[in-house]
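Novice: Data file data-v7.pdb (PDB, C-alpha atoms) is appended below.
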ATOM      1  CA  MET F   1      34.682   5.664  12.342
ATOM      2  CA  GLU F   2      34.734   7.854   9.312
ATOM      3  CA  THR F   3      35.538   5.187   6.705
ATOM      4  CA  ILE F   4      32.512   3.087   7.669
ATOM      5  CA  SER F   5      30.117   5.971   7.087
ATOM      6  CA  GLN F   6      31.840   6.749   3.787
ATOM      7  CA  MET F   7      31.454   3.122   2.713
ATOM      8  CA  ALA F   8      27.803   3.214   3.803
ATOM      9  CA  HIS F   9      27.203   6.231   1.566
ATOM     10  CA  LEU F  10      28.877   4.415  -1.337
ATOM     11  CA  GLY F  11      26.699   1.378  -0.639
ATOM     12  CA  ALA F  12      23.574   3.534  -0.654
ATOM     13  CA  GLY F  13      24.464   4.845  -4.106
ATOM     14  CA  ILE F  14      25.116   1.341  -5.439
ATOM     15  CA  ALA F  15      21.873   0.016  -3.923
ATOM     16  CA  ILE F  16      19.599   2.641  -5.447
ATOM     17  CA  GLY F  17      21.438   2.402  -8.786
ATOM     18  CA  PHE F  18      21.009  -1.344  -9.241
ATOM     19  CA  GLY F  19      17.472  -1.188  -7.858
ATOM     20  CA  ALA F  20      16.533   1.423 -10.450
ATOM     21  CA  VAL F  21      17.884  -0.787 -13.280
ATOM     22  CA  GLY F  22      15.463  -3.594 -12.480
ATOM     23  CA  ALA F  23      12.438  -1.359 -12.023
ATOM     24  CA  GLY F  24      13.247   0.530 -15.224
ATOM     25  CA  LEU F  25      13.429  -2.720 -17.190
ATOM     26  CA  GLY F  26      10.141  -3.848 -15.634
ATOM     27  CA  ILE F  27       8.250  -0.669 -16.501
ATOM     28  CA  GLY F  28       9.779  -0.746 -19.983
ATOM     29  CA  PHE F  29       8.482  -4.270 -20.598
ATOM     30  CA  ALA F  30       5.082  -3.292 -19.215
ATOM     31  CA  THR F  31       4.930  -0.312 -21.596
ATOM     32  CA  LYS F  32       5.939  -2.561 -24.496
ATOM     33  CA  GLY F  33       3.090  -4.910 -23.606
ATOM     34  CA  LEU F  34       0.640  -2.018 -23.424
ATOM     35  CA  MET F  35       1.747  -0.668 -26.807
ATOM     36  CA  ASP F  36       1.455  -4.126 -28.400
ATOM     37  CA  ALA F  37      -2.034  -4.626 -26.997
ATOM     38  CA  VAL F  38      -3.273  -1.167 -27.963
ATOM     39  CA  SER F  39      -1.885  -1.339 -31.507
ATOM     40  CA  ARG F  40      -3.568  -4.700 -32.049
ATOM     41  CA  GLN F  41      -6.881  -3.818 -30.426
ATOM     42  CA  PRO F  42      -7.306  -0.066 -29.971
ATOM     43  CA  GLU F  43     -10.693  -0.573 -28.288
ATOM     44  CA  VAL F  44      -9.179  -2.157 -25.145
ATOM     45  CA  ALA F  45      -6.938   0.873 -24.499
ATOM     46  CA  GLY F  46      -8.797   2.053 -21.394
ATOM     47  CA  LYS F  47      -8.910  -1.355 -19.724
ATOM     48  CA  ALA F  48      -5.308  -2.174 -20.637
ATOM     49  CA  PHE F  49      -4.097   1.129 -19.203
ATOM     50  CA  GLY F  50      -5.571   0.261 -15.810
ATOM     51  CA  PHE F  51      -3.723  -3.053 -15.730
ATOM     52  CA  PHE F  52      -0.578  -1.288 -16.950
ATOM     53  CA  LEU F  53      -0.727   1.173 -14.046
ATOM     54  CA  LEU F  54      -1.145  -1.714 -11.619
ATOM     55  CA  GLY F  55       1.820  -3.627 -13.063
ATOM     56  CA  ALA F  56       3.976  -0.499 -13.259
ATOM     57  CA  ALA F  57       3.234   0.252  -9.596
ATOM     58  CA  LEU F  58       4.164  -3.308  -8.638
ATOM     59  CA  SER F  59       7.496  -3.200 -10.476
ATOM     60  CA  GLU F  60       8.243   0.323  -9.297
ATOM     61  CA  ALA F  61       7.930  -0.948  -5.734
ATOM     62  CA  CYS F  62      11.111  -2.999  -6.285
ATOM     63  CA  ALA F  63      13.095   0.205  -6.812
ATOM     64  CA  LEU F  64      11.529   1.599  -3.672
ATOM     65  CA  TYR F  65      12.708  -1.394  -1.653
ATOM     66  CA  ALA F  66      16.223  -0.451  -2.766
ATOM     67  CA  PHE F  67      15.444   3.156  -1.844
ATOM     68  CA  VAL F  68      14.491   2.167   1.695
ATOM     69  CA  ILE F  69      17.722   0.180   2.038
ATOM     70  CA  ALA F  70      19.699   3.138   0.697
ATOM     71  CA  PHE F  71      18.034   5.465   3.168
ATOM     72  CA  MET F  72      18.818   3.098   6.022
ATOM     73  CA  LEU F  73      22.461   3.015   4.879
ATOM     74  CA  LEU F  74      22.608   6.825   4.756
ATOM     75  CA  GLY F  75      21.693   6.940   8.422
ATOM     76  CA  LYS F  76      24.695   4.769   9.379
TER      77      LYS F  76
ATOM     78  CA  MET O   1      10.892  12.545   8.003
ATOM     79  CA  GLU O   2      11.652  11.673  11.598
ATOM     80  CA  HIS O   3       8.840  11.022  13.999
ATOM     81  CA  TRP O   4       7.694  12.523  17.251
ATOM     82  CA  ILE O   5       8.683   9.590  19.459
ATOM     83  CA  TYR O   6       7.363   9.322  22.990
ATOM     84  CA  ASN O   7       9.254   6.854  25.160
ATOM     85  CA  THR O   8       7.335   5.295  27.996
ATOM     86  CA  ASN O   9       7.270   2.215  30.160
ATOM     87  CA  ILE O  10       4.334  -0.186  30.162
ATOM     88  CA  LEU O  11       4.483  -3.091  32.657
ATOM     89  CA  GLY O  12       8.271  -2.996  32.732
ATOM     90  CA  HIS O  13       8.703  -2.971  28.961
ATOM     91  CA  ALA O  14      10.228  -0.014  27.190
ATOM     92  CA  VAL O  15       7.695   1.193  24.586
ATOM     93  CA  SER O  16       8.168   4.017  22.115
ATOM     94  CA  LEU O  17       5.077   5.518  20.508
ATOM     95  CA  ASN O  18       5.108   7.539  17.289
ATOM     96  CA  LEU O  19       2.631  10.150  18.421
ATOM     97  CA  ASP O  20       2.435  12.018  15.095
ATOM     98  CA  THR O  21       1.386   8.808  13.340
ATOM     99  CA  ILE O  22      -1.278   8.143  15.947
ATOM    100  CA  PHE O  23      -2.619  11.677  15.628
ATOM    101  CA  THR O  24      -2.777  11.648  11.809
ATOM    102  CA  MET O  25      -4.213   8.117  11.818
ATOM    103  CA  TRP O  26      -7.097   9.224  14.027
ATOM    104  CA  PHE O  27      -7.591  12.246  11.776
ATOM    105  CA  ALA O  28      -7.882  10.026   8.687
ATOM    106  CA  MET O  29     -10.224   7.645  10.519
ATOM    107  CA  ILE O  30     -12.454  10.513  11.641
ATOM    108  CA  VAL O  31     -12.648  11.830   8.063
ATOM    109  CA  VAL O  32     -13.708   8.391   6.773
ATOM    110  CA  ILE O  33     -16.222   7.908   9.600
ATOM    111  CA  ILE O  34     -17.800  11.346   9.061
ATOM    112  CA  PHE O  35     -18.033  10.636   5.320
ATOM    113  CA  ALA O  36     -19.740   7.316   6.034
ATOM    114  CA  LEU O  37     -22.168   8.865   8.530
ATOM    115  CA  LEU O  38     -23.068  11.737   6.186
ATOM    116  CA  THR O  39     -23.713   9.486   3.203
ATOM    117  CA  THR O  40     -25.804   6.922   5.076
ATOM    118  CA  ARG O  41     -28.038   9.544   6.710
ATOM    119  CA  ASN O  42     -31.574   9.633   5.203
ATOM    120  CA  LEU O  43     -31.245   6.672   2.854
ATOM    121  CA  SER O  44     -33.937   6.619   0.186
ATOM    122  CA  LEU O  45     -34.868   4.514  -2.811
ATOM    123  CA  VAL O  46     -34.210   7.445  -5.141
ATOM    124  CA  PRO O  47     -30.651   8.422  -4.138
ATOM    125  CA  GLY O  48     -29.678  11.985  -3.472
ATOM    126  CA  LYS O  49     -26.272  13.397  -4.439
ATOM    127  CA  LEU O  50     -24.258  12.065  -1.475
ATOM    128  CA  GLN O  51     -25.970   8.704  -1.569
ATOM    129  CA  ALA O  52     -25.271   8.385  -5.297
ATOM    130  CA  ILE O  53     -21.553   9.063  -4.686
ATOM    131  CA  SER O  54     -21.286   6.462  -1.932
ATOM    132  CA  GLU O  55     -23.290   3.927  -3.941
ATOM    133  CA  SER O  56     -20.950   4.273  -6.917
ATOM    134  CA  ILE O  57     -17.944   3.848  -4.582
ATOM    135  CA  MET O  58     -19.449   0.688  -3.099
ATOM    136  CA  LYS O  59     -20.298  -0.605  -6.570
ATOM    137  CA  PHE O  60     -16.585  -0.377  -7.414
ATOM    138  CA  PHE O  61     -15.736  -2.745  -4.543
ATOM    139  CA  TYR O  62     -18.539  -5.173  -5.398
ATOM    140  CA  GLY O  63     -17.477  -5.207  -9.045
ATOM    141  CA  THR O  64     -13.804  -5.813  -8.233
ATOM    142  CA  LEU O  65     -14.665  -8.619  -5.814
ATOM    143  CA  ASP O  66     -17.009 -10.177  -8.388
ATOM    144  CA  THR O  67     -14.271 -10.394 -11.004
ATOM    145  CA  MET O  68     -11.630 -11.865  -8.670
ATOM    146  CA  ILE O  69     -13.488 -14.207  -6.286
ATOM    147  CA  GLU O  70     -16.163 -16.589  -7.589
ATOM    148  CA  THR O  71     -18.065 -17.738  -4.496
ATOM    149  CA  GLU O  72     -19.409 -15.795  -1.510
ATOM    150  CA  ASN O  73     -17.589 -12.618  -2.412
ATOM    151  CA  LYS O  74     -20.028 -10.205  -0.738
ATOM    152  CA  LYS O  75     -18.823 -10.860   2.794
ATOM    153  CA  HIS O  76     -15.309  -9.530   2.163
ATOM    154  CA  VAL O  77     -16.568  -6.027   1.319
ATOM    155  CA  PRO O  78     -16.231  -4.525   4.858
ATOM    156  CA  LEU O  79     -12.496  -5.273   5.147
ATOM    157  CA  VAL O  80     -11.634  -4.408   1.552
ATOM    158  CA  ALA O  81     -13.670  -1.197   1.438
ATOM    159  CA  SER O  82     -12.431   0.118   4.770
ATOM    160  CA  LEU O  83      -8.818  -0.653   3.841
ATOM    161  CA  PHE O  84      -9.143   1.188   0.537
ATOM    162  CA  LEU O  85     -10.948   4.232   1.936
ATOM    163  CA  PHE O  86      -8.573   4.556   4.880
ATOM    164  CA  ILE O  87      -5.439   4.204   2.744
ATOM    165  CA  VAL O  88      -6.651   6.740   0.173
ATOM    166  CA  THR O  89      -7.486   9.281   2.875
ATOM    167  CA  ALA O  90      -4.197   8.656   4.654
ATOM    168  CA  ASN O  91      -2.110   8.936   1.475
ATOM    169  CA  LEU O  92      -3.813  12.135   0.340
ATOM    170  CA  MET O  93      -3.203  13.721   3.749
ATOM    171  CA  GLY O  94       0.522  13.700   2.967
ATOM    172  CA  GLN O  95       0.009  16.332   0.274
ATOM    173  CA  LEU O  96      -1.804  18.808   2.533
ATOM    174  CA  PRO O  97       0.046  22.019   3.453
ATOM    175  CA  LEU O  98      -0.249  20.752   7.032
ATOM    176  CA  ARG O  99       3.122  19.028   6.723
ATOM    177  CA  ILE O 100       5.037  22.288   6.362
ATOM    178  CA  ILE O 101       4.519  22.785  10.107
ATOM    179  CA  HIS O 102       7.398  21.185  11.974
ATOM    180  CA  LEU O 103       6.506  20.064  15.449
ATOM    181  CA  LYS O 104       8.578  21.272  18.360
ATOM    182  CA  GLN O 105       9.243  17.676  19.417
ATOM    183  CA  GLY O 106      10.530  16.670  15.949
ATOM    184  CA  GLY O 107       8.598  15.272  13.035
ATOM    185  CA  GLU O 108       5.693  16.709  11.124
ATOM    186  CA  LEU O 109       2.033  15.941  10.543
ATOM    187  CA  ALA O 110       2.367  14.153   7.194
ATOM    188  CA  SER O 111       0.438  11.103   6.052
ATOM    189  CA  PRO O 112       0.284   8.268   8.608
ATOM    190  CA  THR O 113       1.315   5.706   5.978
ATOM    191  CA  ASN O 114       4.873   7.077   5.951
ATOM    192  CA  ASP O 115       5.363   5.074   9.150
ATOM    193  CA  ILE O 116       6.133   1.392   8.604
ATOM    194  CA  ASN O 117       4.462   0.435  11.892
ATOM    195  CA  LEU O 118       1.026   1.390  10.564
ATOM    196  CA  THR O 119       1.377  -0.362   7.190
ATOM    197  CA  ALA O 120       2.808  -3.460   8.882
ATOM    198  CA  ALA O 121      -0.174  -3.587  11.233
ATOM    199  CA  MET O 122      -2.582  -3.443   8.277
ATOM    200  CA  ALA O 123      -0.612  -6.157   6.455
ATOM    201  CA  VAL O 124      -0.766  -8.429   9.517
ATOM    202  CA  ILE O 125      -4.532  -7.892   9.725
ATOM    203  CA  VAL O 126      -4.798  -8.966   6.078
ATOM    204  CA  LEU O 127      -2.677 -12.067   6.818
ATOM    205  CA  ILE O 128      -4.863 -13.086   9.788
ATOM    206  CA  TYR O 129      -8.026 -12.469   7.768
ATOM    207  CA  TYR O 130      -7.071 -14.547   4.743
ATOM    208  CA  VAL O 131      -5.733 -17.438   6.822
ATOM    209  CA  ALA O 132      -8.964 -17.422   8.855
ATOM    210  CA  MET O 133     -11.071 -17.343   5.688
ATOM    211  CA  GLY O 134      -9.051 -20.221   4.206
ATOM    212  CA  ILE O 135      -9.524 -22.338   7.322
ATOM    213  CA  LYS O 136     -13.230 -21.504   7.370
ATOM    214  CA  ALA O 137     -13.660 -22.426   3.704
ATOM    215  CA  LYS O 138     -11.557 -25.593   3.533
ATOM    216  CA  GLY O 139     -11.154 -26.764   7.122
ATOM    217  CA  LYS O 140      -7.898 -28.481   7.955
ATOM    218  CA  LYS O 141      -7.225 -29.144   4.265
ATOM    219  CA  PHE O 142      -6.047 -25.533   4.088
ATOM    220  CA  LEU O 143      -3.118 -26.308   6.379
ATOM    221  CA  ILE O 144      -2.366 -29.956   5.576
ATOM    222  CA  HIS O 145      -1.002 -31.112   2.230
ATOM    223  CA  ASP O 146      -0.443 -34.573   0.772
ATOM    224  CA  PHE O 147       2.540 -36.466   2.091
ATOM    225  CA  SER O 148       4.473 -36.518  -1.163
ATOM    226  CA  PHE O 149       7.324 -34.578  -2.710
ATOM    227  CA  THR O 150       5.062 -31.885  -4.208
ATOM    228  CA  GLY O 151       3.052 -31.709  -1.004
ATOM    229  CA  ILE O 152       6.116 -31.034   1.113
ATOM    230  CA  VAL O 153       7.448 -28.438  -1.331
ATOM    231  CA  MET O 154       4.056 -26.726  -1.467
ATOM    232  CA  ALA O 155       3.835 -26.634   2.333
ATOM    233  CA  LEU O 156       7.277 -25.046   2.587
ATOM    234  CA  VAL O 157       6.444 -22.479  -0.090
ATOM    235  CA  GLU O 158       3.180 -21.579   1.651
ATOM    236  CA  ILE O 159       4.919 -21.142   5.000
ATOM    237  CA  LEU O 160       7.390 -18.821   3.280
ATOM    238  CA  GLU O 161       4.513 -16.925   1.647
ATOM    239  CA  MET O 162       2.938 -16.241   5.031
ATOM    240  CA  PHE O 163       6.020 -14.145   5.851
ATOM    241  CA  THR O 164       6.785 -12.587   2.486
ATOM    242  CA  ARG O 165       3.223 -11.519   1.622
ATOM    243  CA  PRO O 166       2.665  -9.167   4.593
ATOM    244  CA  LEU O 167       6.283  -7.997   4.362
ATOM    245  CA  SER O 168       5.945  -6.954   0.733
ATOM    246  CA  LEU O 169       2.488  -5.425   1.330
ATOM    247  CA  ALA O 170       3.800  -3.317   4.199
ATOM    248  CA  ILE O 171       7.048  -2.223   2.560
ATOM    249  CA  ARG O 172       5.402  -1.413  -0.803
ATOM    250  CA  LEU O 173       2.899   1.052   0.651
ATOM    251  CA  PHE O 174       5.365   2.550   3.145
ATOM    252  CA  ALA O 175       8.183   2.989   0.613
ATOM    253  CA  ASN O 176       5.965   4.611  -2.015
ATOM    254  CA  ILE O 177       4.608   7.252   0.359
ATOM    255  CA  PHE O 178       7.957   7.812   2.084
ATOM    256  CA  ALA O 179       9.805   8.176  -1.244
ATOM    257  CA  GLY O 180       7.134  10.578  -2.484
ATOM    258  CA  GLU O 181       7.513  12.835   0.532
ATOM    259  CA  ILE O 182      11.300  12.857   0.250
ATOM    260  CA  LEU O 183      11.026  13.589  -3.484
ATOM    261  CA  VAL O 184       8.784  16.599  -2.775
ATOM    262  CA  SER O 185      11.208  17.842  -0.109
ATOM    263  CA  ILE O 186      14.178  17.532  -2.496
ATOM    264  CA  ALA O 187      12.261  19.341  -5.244
ATOM    265  CA  LEU O 188      11.337  22.047  -2.755
ATOM    266  CA  GLY O 189      15.012  22.509  -1.974
ATOM    267  CA  ALA O 190      16.046  22.547  -5.641
ATOM    268  CA  MET O 191      13.477  25.045  -6.926
ATOM    269  CA  ALA O 192      10.826  26.170  -4.521
ATOM    270  CA  TYR O 193       7.183  26.846  -5.522
ATOM    271  CA  PHE O 194       7.321  25.506  -9.107
ATOM    272  CA  LEU O 195       9.183  22.197  -9.308
ATOM    273  CA  PRO O 196       7.217  20.471  -6.484
ATOM    274  CA  LEU O 197       3.850  21.115  -8.165
ATOM    275  CA  PRO O 198       3.963  18.436 -10.911
ATOM    276  CA  ILE O 199       5.515  15.995  -8.444
ATOM    277  CA  MET O 200       2.709  16.628  -5.963
ATOM    278  CA  LEU O 201       0.141  16.020  -8.703
ATOM    279  CA  PHE O 202       1.938  12.759  -9.483
ATOM    280  CA  GLU O 203       1.814  11.876  -5.781
ATOM    281  CA  ILE O 204      -1.973  12.213  -5.828
ATOM    282  CA  LEU O 205      -2.026   9.613  -8.632
ATOM    283  CA  VAL O 206       0.357   7.423  -6.610
ATOM    284  CA  ALA O 207      -1.930   7.680  -3.577
ATOM    285  CA  PHE O 208      -4.852   6.200  -5.515
ATOM    286  CA  ILE O 209      -2.724   3.590  -7.309
ATOM    287  CA  GLN O 210      -1.113   2.334  -4.113
ATOM    288  CA  ALA O 211      -4.469   2.056  -2.349
ATOM    289  CA  THR O 212      -5.775   0.107  -5.355
ATOM    290  CA  VAL O 213      -2.703  -2.150  -5.351
ATOM    291  CA  PHE O 214      -3.109  -2.869  -1.631
ATOM    292  CA  MET O 215      -6.802  -3.668  -2.157
ATOM    293  CA  MET O 216      -6.188  -5.822  -5.254
ATOM    294  CA  LEU O 217      -3.469  -7.856  -3.525
ATOM    295  CA  THR O 218      -5.704  -8.340  -0.470
ATOM    296  CA  ILE O 219      -8.491  -9.620  -2.723
ATOM    297  CA  ALA O 220      -6.056 -11.875  -4.598
ATOM    298  CA  TYR O 221      -4.758 -13.371  -1.335
ATOM    299  CA  ILE O 222      -8.290 -13.986  -0.021
ATOM    300  CA  GLY O 223      -9.253 -15.443  -3.401
ATOM    301  CA  SER O 224      -6.322 -17.839  -3.438
ATOM    302  CA  ALA O 225      -7.135 -18.897   0.129
ATOM    303  CA  VAL O 226     -10.834 -19.690  -0.417
ATOM    304  CA  LYS O 227     -10.539 -21.056  -3.965
ATOM    305  CA  GLU O 228     -11.827 -24.599  -4.449
ATOM    306  CA  GLU O 229      -9.165 -26.929  -5.801
ATOM    307  CA  HIS O 230     -10.141 -29.827  -8.014
TER     308      HIS O 230
END
Transcribe the structure of this file into C-alpha cells.
Specialist:
Amino acid sequence: METISQMAHLGAGIAIGFGAVGAGLGIGFATKGLMDAVSRQPEVAGKAFGFFLLGAALSEACALYAFVIAFMLLGK
Amino acid sequence: MEHWIYNTNILGHAVSLNLDTIFTMWFAMIVVIIFALLTTRNLSLVPGKLQAISESIMKFFYGTLDTMIETENKKHVPLVASLFLFIVTANLMGQLPLRIIHLKQGGELASPTNDINLTAAMAVIVLIYYVAMGIKAKGKKFLIHDFSFTGIVMALVEILEMFTRPLSLAIRLFANIFAGEILVSIALGAMAYFLPLPIMLFEILVAFIQATVFMMLTIAYIGSAVKEEH
C-alpha cells in the first residue's frame, strides 16, 4: 500500500529528528564539562580531551541507533 | 550499502552468507597477521624501527589495562589487542578507493564492520569471555546473589545486562561505520570530489575512536566481572 510507505518515511524523519536532539544535548553537556575543566586547570587539557572524545562518541551512538531505525523504516 | 548475499542450504537449513563481508574480513585479518609477523621477525634487545612501533602499540594496551583492572591484567592483552587492531584495520578499509567498485552481484568491497553480523559476533565473543573470566575469578558467587530484595533486583539487572551489553556494543560499531559510509555517499552526490574529503578525514578519526570505545568497554566489562567485592 502506498500510505504505509508514506507513513514509514514520515516515521523515519521523526525518528532521526528526536534521536539527534538527545545526542546533541549530550555532546553539548560533554563540551561544557571539557570547557569547565580546561578553564580551571589548563594543564589537563590533553587528558581531558581524550575522555571528551570517548564520551562524545558514546553519546553520538544514541543518534546512530535512531539512524539505523530510520534506515530500516525507509526500506519499508 | 547492500551486500552480496549467497543463498545456500546446509543440512536442510536455509543459510545466506554475506560474501563481501567474508572477503573483506579475511583481507583485514591478513593485513593484521602480516603486520604481526613482520614486526616479530628478528626480535632483539635493542629494537629496530618495526619492533619499536609494535612495542609502543603493545605498551598502549598494557597501560590501558593497568589503569582499568587492578589484578592479573596481563592475561587479557591477547583478546583486547587483537580486537583493537582488527577493528581499526577493518574501519580504515572503508575509506579505501576500493569501495567505488560495485560488484556485479550487488554490494561493494567496503569495510567489513558495516555488516551487523560481524560486529554482533565480536560482541558475543566479548560476552562469553567476560562471563568466563568472572566465573573463573569468583566461582559460583559470580552467578548467585544473596536471597534478599537487593539480591533479587541485582540478579535481574545483571541478566538484563547480559543482553543489552553485546547489543549496544554491536549496534554502536555497526551504526557508526554504516552512517559514515552513507554520509560519504550523500556528500559525493551533493558535490563530488571536494565535499567528501573533510568527511572522509573525519571518518578516519571515527575509525580510531570507535575501535578505542569498543576496546575500553570490553576492558570495563572484564574489569567489572573480575573485580573483588568487599
Novice: With a distance cut-off of 12 Å and all atoms listed in the file, select the neighbouring residues of Glu55 of chain O, excluding the residue or stretch itself and same-chain residues fewer than 4 positions from it, and output the selection as a ChimeraX atom specification.
Specialist: /O:36,39-40,43-51,59-63
Novice: Can you spell out as a PyMOL selection string the set of residues that the ChimeraX specification (/F :<12) & /O selects in the structure I just provided?
Specialist: chain O and resi 1-2+114+116+167-180+182-183+205-217
Novice: Using all atoms listed in the file, find the one residue out of O:Pro196, O:Gly134, O:Gly139, O:Gly223 that sits nearest to Glu181 of chain O.
Specialist: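 Using all atoms listed in the file, the shortest distance to Glu181 of chain O belongs to O:Pro196.
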Novice: May I have the residues within 12 Å of segment 140-152 of chain O as a PyMOL selection string, using all atoms listed in the file and disregarding those fewer than 3 positions away in the same chain?
Specialist: chain O and resi 130-137+155-159+162+224-229
Novice: My list of candidates is F:Ala48, F:Leu73, F:Leu10, F:Ile16. Which is closest to Ala30 of chain F when distances are computed with only C-alpha atoms?
Specialist: F:Ala48
Novice: Write out as JSON, numbers by chain which residues come within 8 Å of Leu98 of chain O when counting only C-alpha atoms, dropping same-chain ones fewer than 3 positions away.
Specialist: {"O": [101, 109, 110]}
Novice: For a test of reading the model, state the distance in Å between atom CA of Gly11 of chain F and atom CA of Leu74 of chain F, rounded to one decimal.
Specialist: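 Rounded to one decimal, the two atoms are 8.7 Å apart.
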Novice: Expand the PyMOL selection byres ((chain O and resi 96) around 12) into the explicit residue set it covers here, and present it as a list in words.
Specialist: Thr24, Thr89, Ala90, Asn91, Leu92, Met93, Gly94, Gln95, Pro97, Leu98, Arg99, Ile100, Ile101, Glu108, Leu109, Ala110, Ser111, Glu181, Met200, Leu201, Glu203 and Ile204 of chain O
Novice: Suppose we keep C-alpha atoms; can you now write the selection as a compact mmCIF listing (two decimals), keeping the file's coordinate frame?
Specialist:
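Contents of again-v2.txt, freshly written:
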# COMPACT_ATOMS: atom_id res chain seq x y z
CA THR O 24 -2.78 11.65 11.81
CA THR O 89 -7.49 9.28 2.88
CA ALA O 90 -4.20 8.66 4.65
CA ASN O 91 -2.11 8.94 1.48
CA LEU O 92 -3.81 12.14 0.34
CA MET O 93 -3.20 13.72 3.75
CA GLY O 94 0.52 13.70 2.97
CA GLN O 95 0.01 16.33 0.27
CA PRO O 97 0.05 22.02 3.45
CA LEU O 98 -0.25 20.75 7.03
CA ARG O 99 3.12 19.03 6.72
CA ILE O 100 5.04 22.29 6.36
CA ILE O 101 4.52 22.78 10.11
CA GLU O 108 5.69 16.71 11.12
CA LEU O 109 2.03 15.94 10.54
CA ALA O 110 2.37 14.15 7.19
CA SER O 111 0.44 11.10 6.05
CA GLU O 181 7.51 12.84 0.53
CA MET O 200 2.71 16.63 -5.96
CA LEU O 201 0.14 16.02 -8.70
CA GLU O 203 1.81 11.88 -5.78
CA ILE O 204 -1.97 12.21 -5.83
Novice: What does the distance between atom CA of Phe52 of chain F and atom CA of Asp36 of chain F come to in Å, to one decimal place?
Specialist: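 Going from atom CA of Phe52 of chain F over to atom CA of Asp36 of chain F covers 12.0 Å.
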Novice: For the atom pair atom CA of Glu72 of chain O and atom CA of Leu118 of chain O, what is the interatomic distance in Å to one decimal place?
Specialist: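 Computed distance, atom CA of Glu72 of chain O to atom CA of Leu118 of chain O, equals 29.3 Å.
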Novice: Any chance you could work out the axis-aligned box around segment 58-67 of chain F, listed atoms only, 3 Å on each side, giving centre and edge lengths in Å to one decimal, as JSON?
Specialist:
{"center_x": 10.2, "center_y": -0.1, "center_z": -6.1, "size_x": 18.1, "size_y": 12.5, "size_z": 14.8}
Novice: Which residues fall under the PyMOL selection byres ((chain F and resi 76) around 9) in this file, as number ranges by chain?
Specialist: F: 4-5, 8-9, 72-75
Novice: Point out the residue among F:Glu2, F:Met35, F:Gln41, F:Ser59 with the least atom-to-atom distance to Val21 of chain F, counting all atoms listed in the file.
Specialist: F:Ser59
Novice: Would you pull segment 12-36 of chain F out of the block just shown and save C-alpha atoms as a short mmCIF file (atom, residue, chain, number, x, y, z; two decimals), in the first residue's frame?
Specialist:
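As written to disk, out17.cif reads:
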data_model
loop_
_atom_site.label_atom_id
_atom_site.label_comp_id
_atom_site.auth_asym_id
_atom_site.auth_seq_id
_atom_site.Cartn_x
_atom_site.Cartn_y
_atom_site.Cartn_z
CA ALA F 12 11.94 7.82 9.65
CA GLY F 13 12.12 11.62 9.68
CA ILE F 14 10.63 11.81 13.18
CA ALA F 15 12.98 9.09 14.47
CA ILE F 16 16.19 10.71 13.28
CA GLY F 17 14.98 14.14 14.42
CA PHE F 18 14.27 13.16 18.03
CA GLY F 19 17.38 10.98 18.13
CA ALA F 20 19.53 13.93 17.07
CA VAL F 21 18.06 16.10 19.87
CA GLY F 22 19.29 13.75 22.58
CA ALA F 23 22.74 13.25 21.10
CA GLY F 24 23.14 16.99 20.53
CA LEU F 25 22.28 17.70 24.17
CA GLY F 26 24.72 15.00 25.28
CA ILE F 27 27.64 16.32 23.24
CA GLY F 28 26.79 19.85 24.37
CA PHE F 29 27.00 18.85 28.04
CA ALA F 30 30.24 16.98 27.38
CA THR F 31 31.73 20.08 25.73
CA LYS F 32 30.58 22.21 28.67
CA GLY F 33 32.34 19.82 31.04
CA LEU F 34 35.51 19.94 28.95
CA MET F 35 35.49 23.75 28.88
CA ASP F 36 34.94 23.93 32.65
#
